[in-house]
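Heads up: the structure comes next, in structure tokens.
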Amino acid sequence: MQQILHSSLNNVPSAWINDLSTQLTDEEHVLAWLETDLNAHLHFSEGIIVVTNKRLMAKMTDDGVWQEWGYQQGLLLTQRDYAGVGCLELLDSNARLAYWRYRLGNDMAVSRLIECFIHQLDYHLTGKLSEPDHTQTQCPICATLLSAEQEECPVCEKQVHTPPSTWTLLRLWRFAKPYKGRLLIGFILTLCSTAATLVPPYLTMPLMDDVLIPYQNGQPINTDLVELYLSGLLGAAILAWVLGWARTYMLALVSERIGADLRTTTYEHLINLSQEYFGGKRTGDLMARIGSETDRINLFISLHLLDFATDVIMICMTAIILTSINPWLALVTLLPLPIIAWLIHLVRDRLRIGFEKVDRIWAEVNNVLADTIPGIRVVKAFAQEKREAARFHAANQRNLQINDRVNRIWSLFTPTVTLLTEIGLLVVWVFGIWQISKDEISVGVLTAFLAYIGRFYIRLDSMSRIVSVTQKAAAGTKRIFDILDHVSSVPESTNPVHITTVQGQIELRNVGFRYGTRSITRDINLTIKPGEMIGLVGHSGSGKSTLVNLICRFYDVTEGTILIDGHDIRSLTIAEYRKHIGLVLQEPFLFYGTIAENIAYGKPDATHSEIVSAARAAHAHEFILRLPHGYDSLVGERGQALSGGERQRISIARALLINPRILILDEATSSVDTTTEKDIQKALDNLVRGRTTIAIAHRLSTLREANRLIVLDRGRIVEIGNHAELMEREGYYYRLYQAQARNVDTEDRAFVPPVVEHSVTGEHK
Amino acid sequence: MNSTLGYQLSRNSYGRLVFTNQSGLVQEGVVPVRSFPITEPDQGIALIDPNGHELAWIDRLTDLPEDYRVLIESELANREFMPEIKRILKISSFITPNTWRVETDRGNATFIFKGEENIRRLTLSALMITDSHGIHFLIRDRLSLDRHSRKLLDHFL
């Protein structure tokens, strides 16, 4: 411990080192420090708080002087936070001595500062230095305890926010790489086919000079030459056709595969992200990204990128051919090219921003749909169809607005290119006629030039289209890579420990969890023995579900550790760990498929007899047999309608089938009536037997079987004991139980009185 | 004069608000909470005890006697932290997550912006941007920002 603390002296932020070193006396060293970024009036301003072995010191940049407090009886350093701002207070027994504000970001530094302060205070008062029992190593930056298997600190790792590079489209190379052989063939085919299309204009030159002009001057037509040139034209056309077909087919094949890979990879990555990610995103948006964005990228590669590459090749080849025929005329012909390139560049940025906006607004339109369609019953019940229609209309209106703005720039683009084309042709005519008049070139050469640049400028026109599609594809790629770049906040251990069998002992050590700025649980210490049944009790919002989510590792703890059979759950493979957990939720989710498939969801290779016995144990067997197709009945969104209790029993069978050592029941009986609850309870009794069980129930009566009840209030454990003990104690649980018993009574009698009360209050007014 | 309110408020040496009701019950560490902090900040303020129970309701701050109003306002100022962005100086990249350097009414600050979904539209021109730690930055009127800021912001709208 001491070793680590000494080294932290070097870690003091460089801006403060000089200032601080003048303040320190001999044999005084810095034990912990916290940089604050707000002053007492909540303005942004830097400051530092330092705990040394002699005193507590603090300075704000604005102040210019150090404040200090020696260790003395009654000092207390506490912290609290609200809405993302922390407050650290130094109190003595009479008053508050000082307080500091800071943006939350480094919770660990705060708790370490307080820990060091208490430690030193204790030492100064008692003269004894209590030896901390840290057998584990600490992260040098944030002082999180690391388990022996972890080399890098998971907390610090998570805080890295480096944006991906701007060359988003190039990142698609990762997906193109496996097909590079075929891509090369496609490229060569493109080269050849483009070359073939450039032959016909070249042949117009001798046709004009050697056949047509001499004929006009009175010579007969040379049929041999005509045959040769015309067959050359036909051959080139056929060759271009064959090669063009081959390259388009080849590249479409590759791009389709790239698109498919992109989709699968994105989906695979997405589904492995933590619950936290899904909580913050909207379904419509995510669906749009994986569906339409990948399709757009796919189309971009197979169509637009290919065309663009062809165009570039064609322009280069044409430039070479034209220069070889007549460098001066070539120069004049090619002059508009840089102007157009500049124009393209000019519009590029504005268009890209515009298209990103269009995408976002499109997702917004989708979100309105995703909001209302699942909630259609509420919409109808409150007769708000008009309002929802208006909301959709508003979203659409904004979509229109933004599209209009983009189109304003975009529509200017194509006509401008066409105008430039016409001007370019005019320039060639003028210069060409002048050169012919000087006998510098033949009529054939001018015809060939005009034939070439006719194509050439058409290509430039279509090339200008690449700007918009590239921007669209880049925007899409960015949105895809936004998903791919998102590192799961529940990272897979780099160096996982494999456990084959689990006893089912769960230990929570100083567990704390913070969601955004809200601290949800704090200092939870709990050991659950194998086979024990634990009931989590508390008001809604007391942190019951959070605790379960932490144990399942849907989220990672922000402080402390959760150990399973002595292993930190962060050091285990996630999939392997979750195999040992059976989860029964309040709202059981059934996938579209047969009942058998749904029961076997966690163990797809289960035999029919296994499925049936699981269903039997879950008391689901009989009602399943009553369905027209028994275990083969389709359920899920488009399938057979099942009641809440029936669905719950299927989900219990699902949990039973994987035979987990740890079982989590999250309000498993809350959404059903009391009679159905009894059925489910019977099924649950079978499930619970011999497993470590953590049950959350709103109805306290359902938890009487539990070995221990953990009573939570605002993220802390307030009481532990079984039902009888807790009732006897007449504490928090007792009050909760009483309140609920009363509620049940009032629920039964709640039909008549409200009407009377209403009329009474009415009279009062 | 405070008999109409039915309670008394004061601040103790720990800097906490102390609430005393008519029956003499003293509650320390009372916090005022705005019910509509964004849409109607000056109306509907509740005094909440440390357990989260409501002790008193204030319809309008102006209804209070001067000394109580000052007390509550200072306590609110002490709790509220929603810097208002006056200028956007620099955005590290147009690809999220990125770092924003902004000038606010509370001085210059940097924050990490995680993605477009952290921009909430309050009205047509007012925006709230939530940073990676959940601190809300307010843009009261994005149309009245300077050109450079508007241009930068526009990328994310």
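How things are named: the first chain in the structure tokens is A, the next is B, and so on; residues count from 1 in each chain; ligands count from 1 in the order shown.
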
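For Arg121 (chain B), the list of residues within 10 Å, based on only C-alpha atoms and with local chain neighbours fewer than 5 positions off taken out, reads Ala126, Leu127, Met128, Ile129, Ile139 and Leu157 of chain B.
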
Grab the residues selected above and save them as a PDB file, in the first residue's frame with N, CA and C atoms.
```
ATOM      1  N   ALA B 126     -34.013  25.925 -28.797  1.00  0.00           N
ATOM      2  CA  ALA B 126     -33.257  25.607 -27.587  1.00  0.00           C
ATOM      3  C   ALA B 126     -32.886  24.125 -27.580  1.00  0.00           C
ATOM      4  N   LEU B 127     -31.644  23.876 -27.164  1.00  0.00           N
ATOM      5  CA  LEU B 127     -31.148  22.511 -27.152  1.00  0.00           C
ATOM      6  C   LEU B 127     -30.532  22.202 -25.802  1.00  0.00           C
ATOM      7  N   MET B 128     -30.545  20.931 -25.448  1.00  0.00           N
ATOM      8  CA  MET B 128     -29.820  20.519 -24.261  1.00  0.00           C
ATOM      9  C   MET B 128     -28.876  19.403 -24.675  1.00  0.00           C
ATOM     10  N   ILE B 129     -27.608  19.591 -24.363  1.00  0.00           N
ATOM     11  CA  ILE B 129     -26.605  18.607 -24.740  1.00  0.00           C
ATOM     12  C   ILE B 129     -26.116  17.922 -23.476  1.00  0.00           C
ATOM     13  N   ILE B 139     -28.227  25.202 -24.638  1.00  0.00           N
ATOM     14  CA  ILE B 139     -28.083  26.242 -25.665  1.00  0.00           C
ATOM     15  C   ILE B 139     -29.456  26.889 -25.752  1.00  0.00           C
ATOM     16  N   LEU B 157     -27.053  18.208 -35.820  1.00  0.00           N
ATOM     17  CA  LEU B 157     -28.503  18.368 -35.688  1.00  0.00           C
ATOM     18  C   LEU B 157     -29.244  17.596 -36.775  1.00  0.00           C
TER      19      LEU B 157
END
```

Output as JSON lines one row per residue of chain B within 6 Å of chain A: the closest atom pair and its distance in Å to one decimal place, counting only C-alpha atoms, sorted by chain and residue number ascending.
```
{"residue": "B:Ser13", "atom": "CA", "partner": "A:Ala95", "partner_atom": "CA", "distance": 4.7}
{"residue": "B:Tyr14", "atom": "CA", "partner": "A:Arg96", "partner_atom": "CA", "distance": 4.4}
{"residue": "B:Thr96", "atom": "CA", "partner": "A:Pro163", "partner_atom": "CA", "distance": 5.9}
{"residue": "B:Pro97", "atom": "CA", "partner": "A:Pro163", "partner_atom": "CA", "distance": 5.4}
{"residue": "B:Asn98", "atom": "CA", "partner": "A:Pro163", "partner_atom": "CA", "distance": 5.7}
{"residue": "B:Arg106", "atom": "CA", "partner": "A:His43", "partner_atom": "CA", "distance": 4.4}
{"residue": "B:Gly107", "atom": "CA", "partner": "A:Phe44", "partner_atom": "CA", "distance": 5.1}
{"residue": "B:Gly134", "atom": "CA", "partner": "A:Gly516", "partner_atom": "CA", "distance": 5.5}
{"residue": "B:Ile135", "atom": "CA", "partner": "A:Gly84", "partner_atom": "CA", "distance": 5.3}
```

Any chance you could export the current selection's C-alpha atoms as a compact mmCIF listing (two decimals), in the first residue's frame?
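Output contents, as saved in part.txt:
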```txt
# COMPACT_ATOMS: atom_id res chain seq x y z
CA SER B 13 -23.52 26.37 10.34
CA TYR B 14 -23.09 23.27 8.14
CA THR B 96 -18.67 10.86 -32.28
CA PRO B 97 -17.57 10.39 -29.56
CA ASN B 98 -15.66 13.66 -29.67
CA ARG B 106 -19.69 29.62 -16.17
CA GLY B 107 -16.36 29.81 -17.93
CA GLY B 134 -24.57 13.28 -17.60
CA ILE B 135 -24.04 17.00 -17.17
```

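Within 9 Å of region 265-271 of chain A there are A:Ala260, A:Asp261, A:Leu262, A:Ser274, A:Tyr277, A:Phe278, A:Ile290, A:Ile480, A:Phe481, A:Ile483, A:Leu484, A:His486, A:Ser488, counting only C-alpha atoms and ignoring same-chain residues fewer than 3 positions away.
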
Can you tell me, as a PyMOL selection string, what residues are no more than 9 Å from Glu84 (chain B) when counting only C-alpha atoms, ignoring any on the same chain fewer than 5 positions away?
chain B and resi 103-106+136-140

So that I have them on file, write out the residues from the current selection with N, CA and C atoms, as a PDB file, in the first residue's frame.
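See selection30.pdb below for the written result:
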```
ATOM      1  N   GLU B 103     -17.458  27.774 -24.651  1.00  0.00           N
ATOM      2  CA  GLU B 103     -17.439  28.906 -23.740  1.00  0.00           C
ATOM      3  C   GLU B 103     -18.843  28.975 -23.154  1.00  0.00           C
ATOM      4  N   THR B 104     -18.935  28.902 -21.819  1.00  0.00           N
ATOM      5  CA  THR B 104     -20.253  28.919 -21.201  1.00  0.00           C
ATOM      6  C   THR B 104     -20.370  30.132 -20.296  1.00  0.00           C
ATOM      7  N   ASP B 105     -21.567  30.307 -19.746  1.00  0.00           N
ATOM      8  CA  ASP B 105     -21.749  31.410 -18.809  1.00  0.00           C
ATOM      9  C   ASP B 105     -21.006  31.146 -17.507  1.00  0.00           C
ATOM     10  N   ARG B 106     -20.453  29.957 -17.363  1.00  0.00           N
ATOM     11  CA  ARG B 106     -19.689  29.621 -16.171  1.00  0.00           C
ATOM     12  C   ARG B 106     -18.221  29.375 -16.507  1.00  0.00           C
ATOM     13  N   HIS B 136     -25.744  18.440 -18.094  1.00  0.00           N
ATOM     14  CA  HIS B 136     -26.497  19.044 -19.182  1.00  0.00           C
ATOM     15  C   HIS B 136     -25.953  20.420 -19.510  1.00  0.00           C
ATOM     16  N   PHE B 137     -25.683  20.633 -20.762  1.00  0.00           N
ATOM     17  CA  PHE B 137     -25.288  21.939 -21.244  1.00  0.00           C
ATOM     18  C   PHE B 137     -26.452  22.484 -22.044  1.00  0.00           C
ATOM     19  N   LEU B 138     -26.752  23.739 -21.802  1.00  0.00           N
ATOM     20  CA  LEU B 138     -27.927  24.326 -22.424  1.00  0.00           C
ATOM     21  C   LEU B 138     -27.508  25.266 -23.548  1.00  0.00           C
ATOM     22  N   ILE B 139     -28.227  25.202 -24.638  1.00  0.00           N
ATOM     23  CA  ILE B 139     -28.083  26.242 -25.665  1.00  0.00           C
ATOM     24  C   ILE B 139     -29.456  26.889 -25.752  1.00  0.00           C
ATOM     25  N   ARG B 140     -29.549  28.115 -25.285  1.00  0.00           N
ATOM     26  CA  ARG B 140     -30.867  28.721 -25.166  1.00  0.00           C
ATOM     27  C   ARG B 140     -31.450  29.061 -26.543  1.00  0.00           C
TER      28      ARG B 140
END
```

Contact residues around Thr527 (chain A) with only C-alpha atoms at 7 Å, ignoring same-chain residues under 5 positions, as a tab-separated table (two decimals) with C-alpha atoms, in the first residue's frame:
```tsv
chain	number	residue	atom	x	y	z
A	506	ILE	CA	-22.18	-15.30	-4.73
A	507	GLU	CA	-20.28	-12.64	-2.91
A	508	LEU	CA	-20.77	-8.91	-3.31
```

Which polymer residues have any atom within 9 Å of an atom of Glu293 (chain A), counting only C-alpha atoms, with same-chain residues fewer than 3 positions away left out, as a PyMOL selection string?
chain A and resi 288-290+296-298+473+475-477+479-480

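Interatomic distance, CA of Leu400 (chain A) to CA of Asn367 (chain A): 16.3 Å.
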
Might you pull out every residue within 12 Å of Thr62 (chain B), with only C-alpha atoms counted and same-chain residues fewer than 3 positions away left off, and present them as a list in words?
Asp42, Gln43, Gly44, Ile45, Ile58, Asp59, Pro65, Glu66, Asp67, Tyr68, Arg69, Val70, Ile72 and Glu73 of chain B

Would you mind writing down, as a list in words, each residue of region 93-133 of chain B that DSSP on the backbone assigns to strand (DSSP E or B)?
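Filtering region 93-133 of chain B down to strand (DSSP E or B) leaves Asn98, Thr99, Trp100, Arg101, Val102, Glu103, Thr104, Gly107, Asn108, Ala109, Thr110, Phe111, Ile112, Phe113, Ile119, Arg120, Arg121, Leu127, Met128, Ile129 and Thr130 of chain B.
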
Given only C-alpha atoms as the counted atoms, nearest of B:Gln22, B:Leu64, B:Ile88, B:His53 to Arg150 (chain B)
B:Ile88
